[in-house]
Amino acid sequence: MSLHQRPHQKPPAAGDSLPVSSPTASTAASRPHPLLTLPYLFSLLAVLLFVALLVPWGPAARPPSSSSSWRSYTLQDAAASAAAAGNGTVLLAAVSGPYLPFLSNWLISVRRAGRADQVLVIAEDYETLDRINAAWPGHAVLVPPAPDAQTAHKFGSQGFFNFTSRRPRHLLQILELGYSVMYNDVDMVWLADPFAYIVENHDVYFMDDMAPVKPLDHSHELPPPGKKGRTYICSCMLFLRPTEGAKLLLRKWIEELKEQPWSKQRKSNDQPAFNWALNKTAGQVDVYLLPQSAFPTGGLYFKNKKWVKETKGKHVIIHNNYITGFEKKIKRFRDHGLWLVDEHSDESPLGRI
């Protein structure tokens, strides 16, 4: 018999008179059931809380895909989900609304390399956040405050500076969470998986933004400074490990951006500050220059047909820079068979934009 089980009693036989209730029986009937006592309820609550703490809330779980829920979706949650799919590495991009077609184009190439699940997109306005997550739940997050969505895409504008100057903060936050991160501008296309070129165990990997041809066996050291006293490394394609060296570089980059604010006279972006940070932390950060044949700048790939022919089969990521304007970039991609969304939008996680 259990602790709270009452003994089974036979019903009175037919004809027997009903028992007269006594004061003792009446008092017992009015007592609360032992399961409803305060001590028992408090004990039950404690057990439920304990179980809730023990249940593993998996980092890869995506929140529900309702528009309002994404306002509270944090970079910590989003990065954990992307890193879980990428063995501890997040593949990061950042876009405002006007760049969604380029994001979709980039995603097609990333998906072909089998890396789409580890993509995290920093949306720079709420409309973009909702559009991406409506099609691809959990892969976009907004880190407040959001820059102005209409001016953030204009190269040389203060909005463009505000947009790009947030990049080192996003990267640093992800490193502080303990994840490695690869950052790409979305006016890029993958022809192969770039992670095969993340060799050895350096702090930071990057590509040169200079168009002059290098030898195929060129050095992987930081190049010497140019005419302006600094290097010309592209801040558009980076891989960083969560090391103290990489974090030092990002903090210095943030400092340099504060010292070189945007003005109408000097319409800057984040890249000069990144190069000053590289130069000023030289010797303190273990850096690696990626091979030019695999990671050419747009000024080389789109303008030197002879070099492209000689290095055919070696190209990994193509950057559509050295040109400004959406239509010009799209036409150039089309001319080289790299505007994938025209015929392959079904391969994009976002569908047709």
# chains A, B, ... in the order shown; residues from 1 in each chain; ligands from 1
call {"tool": "select_by_dssp", "arguments": {"residues": "segment 107-253 of chain A", "states": "strand (DSSP E or B)", "output": "list in words"}}
result
Val119, Leu120, Val121, Ile122, Ala123, Ala140, Val141, Ser180, Val181, Met182, Tyr183, Asn184, Met188, Val189, Trp190, Val204, Tyr205, Phe206, Met207, Asp208, Ile233, Cys234, Ser235, Cys236, Met237, Leu238, Phe239 and Leu240 of chain A
call {"tool": "residues_around", "arguments": {"residues": "Gly114 of chain A", "least_positions_apart": "3", "cutoff": "12 Å", "atoms": "only C-alpha atoms", "output": "list in words"}}
result
Ala85, Gly86, Leu91, Leu107, Ile108, Ser109, Val110, Arg111, Asp117, Gln118, Val119, Trp190, Ala192, Asp193, Pro194, Phe195 and Glu347 of chain A
call {"tool": "atom_distance", "arguments": {"atom1": "atom CA of Cys236 of chain A", "atom2": "atom CA of Tyr183 of chain A"}}
result
7.0 Å
call {"tool": "atom_distance", "arguments": {"atom1": "atom CA of Ile317 of chain A", "atom2": "atom CA of Ile174 of chain A"}}
result
22.9 Å
call {"tool": "closest_residue", "arguments": {"among": "A:Val141, A:Leu129, A:Leu300, A:Val308", "to": "Ile323 of chain A", "atoms": "only C-alpha atoms"}}
result
A:Leu300
call {"tool": "residues_around", "arguments": {"residues": "Trp276 of chain A", "least_positions_apart": "3", "cutoff": "8 Å", "atoms": "only C-alpha atoms", "output": "list in words"}}
result
Arg230, Thr231, Trp253, Glu256, Pro272, Ala273, Asn279 and Lys280 of chain A
call {"tool": "residues_around", "arguments": {"residues": "Ser235 of chain A", "least_positions_apart": "6", "cutoff": "12 Å", "atoms": "only C-alpha atoms", "output": "ChimeraX atom specification"}}
result
/A:164-165,167-168,171,182-185,204-209,250,253,269-278,297,319,321
call {"tool": "write_last_selection", "arguments": {"atoms": "N, CA and C atoms", "output": "PDB file, in the first residue's frame"}}
result
ATOM      1  N   THR A 164      30.237  49.757 -42.922  1.00  0.00           N
ATOM      2  CA  THR A 164      31.478  48.978 -42.908  1.00  0.00           C
ATOM      3  C   THR A 164      32.228  49.099 -41.581  1.00  0.00           C
ATOM      4  N   SER A 165      32.072  50.222 -40.896  1.00  0.00           N
ATOM      5  CA  SER A 165      32.834  50.405 -39.644  1.00  0.00           C
ATOM      6  C   SER A 165      32.309  49.523 -38.517  1.00  0.00           C
ATOM      7  N   ARG A 167      31.875  46.363 -38.913  1.00  0.00           N
ATOM      8  CA  ARG A 167      32.395  45.027 -39.196  1.00  0.00           C
ATOM      9  C   ARG A 167      33.351  44.507 -38.119  1.00  0.00           C
ATOM     10  N   PRO A 168      34.394  45.266 -37.721  1.00  0.00           N
ATOM     11  CA  PRO A 168      35.311  44.704 -36.714  1.00  0.00           C
ATOM     12  C   PRO A 168      34.647  44.410 -35.377  1.00  0.00           C
ATOM     13  N   LEU A 171      32.933  41.022 -35.774  1.00  0.00           N
ATOM     14  CA  LEU A 171      33.944  39.966 -35.793  1.00  0.00           C
ATOM     15  C   LEU A 171      34.507  39.722 -34.405  1.00  0.00           C
ATOM     16  N   MET A 182      34.952  33.301 -40.775  1.00  0.00           N
ATOM     17  CA  MET A 182      35.344  33.780 -42.099  1.00  0.00           C
ATOM     18  C   MET A 182      34.346  34.839 -42.520  1.00  0.00           C
ATOM     19  N   TYR A 183      34.862  36.000 -42.912  1.00  0.00           N
ATOM     20  CA  TYR A 183      33.999  37.084 -43.391  1.00  0.00           C
ATOM     21  C   TYR A 183      34.161  37.232 -44.897  1.00  0.00           C
ATOM     22  N   ASN A 184      33.037  37.423 -45.602  1.00  0.00           N
ATOM     23  CA  ASN A 184      33.038  37.719 -47.041  1.00  0.00           C
ATOM     24  C   ASN A 184      32.146  38.907 -47.336  1.00  0.00           C
ATOM     25  N   ASP A 185      32.605  39.807 -48.218  1.00  0.00           N
ATOM     26  CA  ASP A 185      31.676  40.729 -48.851  1.00  0.00           C
ATOM     27  C   ASP A 185      30.787  39.915 -49.777  1.00  0.00           C
ATOM     28  N   VAL A 204      45.311  35.221 -38.391  1.00  0.00           N
ATOM     29  CA  VAL A 204      44.492  35.955 -39.360  1.00  0.00           C
ATOM     30  C   VAL A 204      44.961  35.617 -40.776  1.00  0.00           C
ATOM     31  N   TYR A 205      43.989  35.409 -41.687  1.00  0.00           N
ATOM     32  CA  TYR A 205      44.264  35.138 -43.095  1.00  0.00           C
ATOM     33  C   TYR A 205      43.547  36.203 -43.919  1.00  0.00           C
ATOM     34  N   PHE A 206      44.182  36.666 -45.009  1.00  0.00           N
ATOM     35  CA  PHE A 206      43.574  37.710 -45.833  1.00  0.00           C
ATOM     36  C   PHE A 206      44.119  37.646 -47.248  1.00  0.00           C
ATOM     37  N   MET A 207      43.528  38.453 -48.160  1.00  0.00           N
ATOM     38  CA  MET A 207      43.969  38.535 -49.552  1.00  0.00           C
ATOM     39  C   MET A 207      44.453  39.946 -49.861  1.00  0.00           C
ATOM     40  N   ASP A 208      45.394  40.033 -50.790  1.00  0.00           N
ATOM     41  CA  ASP A 208      45.926  41.332 -51.204  1.00  0.00           C
ATOM     42  C   ASP A 208      44.919  42.019 -52.122  1.00  0.00           C
ATOM     43  N   ASP A 209      44.852  43.350 -52.061  1.00  0.00           N
ATOM     44  CA  ASP A 209      43.930  44.094 -52.902  1.00  0.00           C
ATOM     45  C   ASP A 209      44.655  44.764 -54.070  1.00  0.00           C
ATOM     46  N   LEU A 250      41.698  43.279 -34.179  1.00  0.00           N
ATOM     47  CA  LEU A 250      40.353  43.840 -34.298  1.00  0.00           C
ATOM     48  C   LEU A 250      40.177  45.057 -33.385  1.00  0.00           C
ATOM     49  N   TRP A 253      41.893  47.884 -35.032  1.00  0.00           N
ATOM     50  CA  TRP A 253      41.081  48.319 -36.172  1.00  0.00           C
ATOM     51  C   TRP A 253      39.969  49.254 -35.700  1.00  0.00           C
ATOM     52  N   ASN A 269      36.310  54.576 -45.778  1.00  0.00           N
ATOM     53  CA  ASN A 269      35.607  53.347 -45.434  1.00  0.00           C
ATOM     54  C   ASN A 269      36.479  52.602 -44.430  1.00  0.00           C
ATOM     55  N   ASP A 270      36.195  51.351 -44.187  1.00  0.00           N
ATOM     56  CA  ASP A 270      36.899  50.641 -43.119  1.00  0.00           C
ATOM     57  C   ASP A 270      38.276  50.118 -43.519  1.00  0.00           C
ATOM     58  N   GLN A 271      38.573  50.040 -44.829  1.00  0.00           N
ATOM     59  CA  GLN A 271      39.793  49.353 -45.259  1.00  0.00           C
ATOM     60  C   GLN A 271      41.091  50.070 -44.901  1.00  0.00           C
ATOM     61  N   PRO A 272      41.213  51.397 -45.075  1.00  0.00           N
ATOM     62  CA  PRO A 272      42.455  52.050 -44.640  1.00  0.00           C
ATOM     63  C   PRO A 272      42.745  51.834 -43.155  1.00  0.00           C
ATOM     64  N   ALA A 273      41.717  51.925 -42.332  1.00  0.00           N
ATOM     65  CA  ALA A 273      41.904  51.715 -40.891  1.00  0.00           C
ATOM     66  C   ALA A 273      42.357  50.289 -40.609  1.00  0.00           C
ATOM     67  N   PHE A 274      41.833  49.319 -41.367  1.00  0.00           N
ATOM     68  CA  PHE A 274      42.255  47.927 -41.197  1.00  0.00           C
ATOM     69  C   PHE A 274      43.738  47.770 -41.512  1.00  0.00           C
ATOM     70  N   ASN A 275      44.187  48.412 -42.582  1.00  0.00           N
ATOM     71  CA  ASN A 275      45.593  48.300 -42.961  1.00  0.00           C
ATOM     72  C   ASN A 275      46.510  49.006 -41.966  1.00  0.00           C
ATOM     73  N   TRP A 276      46.086  50.152 -41.434  1.00  0.00           N
ATOM     74  CA  TRP A 276      46.888  50.792 -40.384  1.00  0.00           C
ATOM     75  C   TRP A 276      46.974  49.877 -39.170  1.00  0.00           C
ATOM     76  N   ALA A 277      45.882  49.212 -38.840  1.00  0.00           N
ATOM     77  CA  ALA A 277      45.894  48.285 -37.701  1.00  0.00           C
ATOM     78  C   ALA A 277      46.850  47.127 -37.961  1.00  0.00           C
ATOM     79  N   LEU A 278      46.850  46.608 -39.195  1.00  0.00           N
ATOM     80  CA  LEU A 278      47.774  45.537 -39.549  1.00  0.00           C
ATOM     81  C   LEU A 278      49.221  45.983 -39.381  1.00  0.00           C
ATOM     82  N   THR A 297      42.152  39.913 -56.693  1.00  0.00           N
ATOM     83  CA  THR A 297      41.303  41.089 -56.600  1.00  0.00           C
ATOM     84  C   THR A 297      40.605  41.311 -57.934  1.00  0.00           C
ATOM     85  N   HIS A 319      36.326  38.385 -56.440  1.00  0.00           N
ATOM     86  CA  HIS A 319      35.759  39.589 -55.824  1.00  0.00           C
ATOM     87  C   HIS A 319      35.465  40.623 -56.909  1.00  0.00           C
ATOM     88  N   ASN A 321      35.295  43.771 -57.185  1.00  0.00           N
ATOM     89  CA  ASN A 321      35.623  45.137 -56.778  1.00  0.00           C
ATOM     90  C   ASN A 321      36.378  45.851 -57.899  1.00  0.00           C
TER      91      ASN A 321
END
call {"tool": "residues_around", "arguments": {"residues": "Glu176 of chain A", "least_positions_apart": "2", "cutoff": "12 Å", "atoms": "only C-alpha atoms", "output": "list in words"}}
result
Leu75, Gln76, Ala79, Arg169, His170, Leu171, Leu172, Gln173, Ile174, Gly178, Tyr179, Ser180, Val181, Leu240, Arg241, Pro242, Thr243, Glu244, Ala246, Lys247, Leu248, Leu250 and Arg251 of chain A
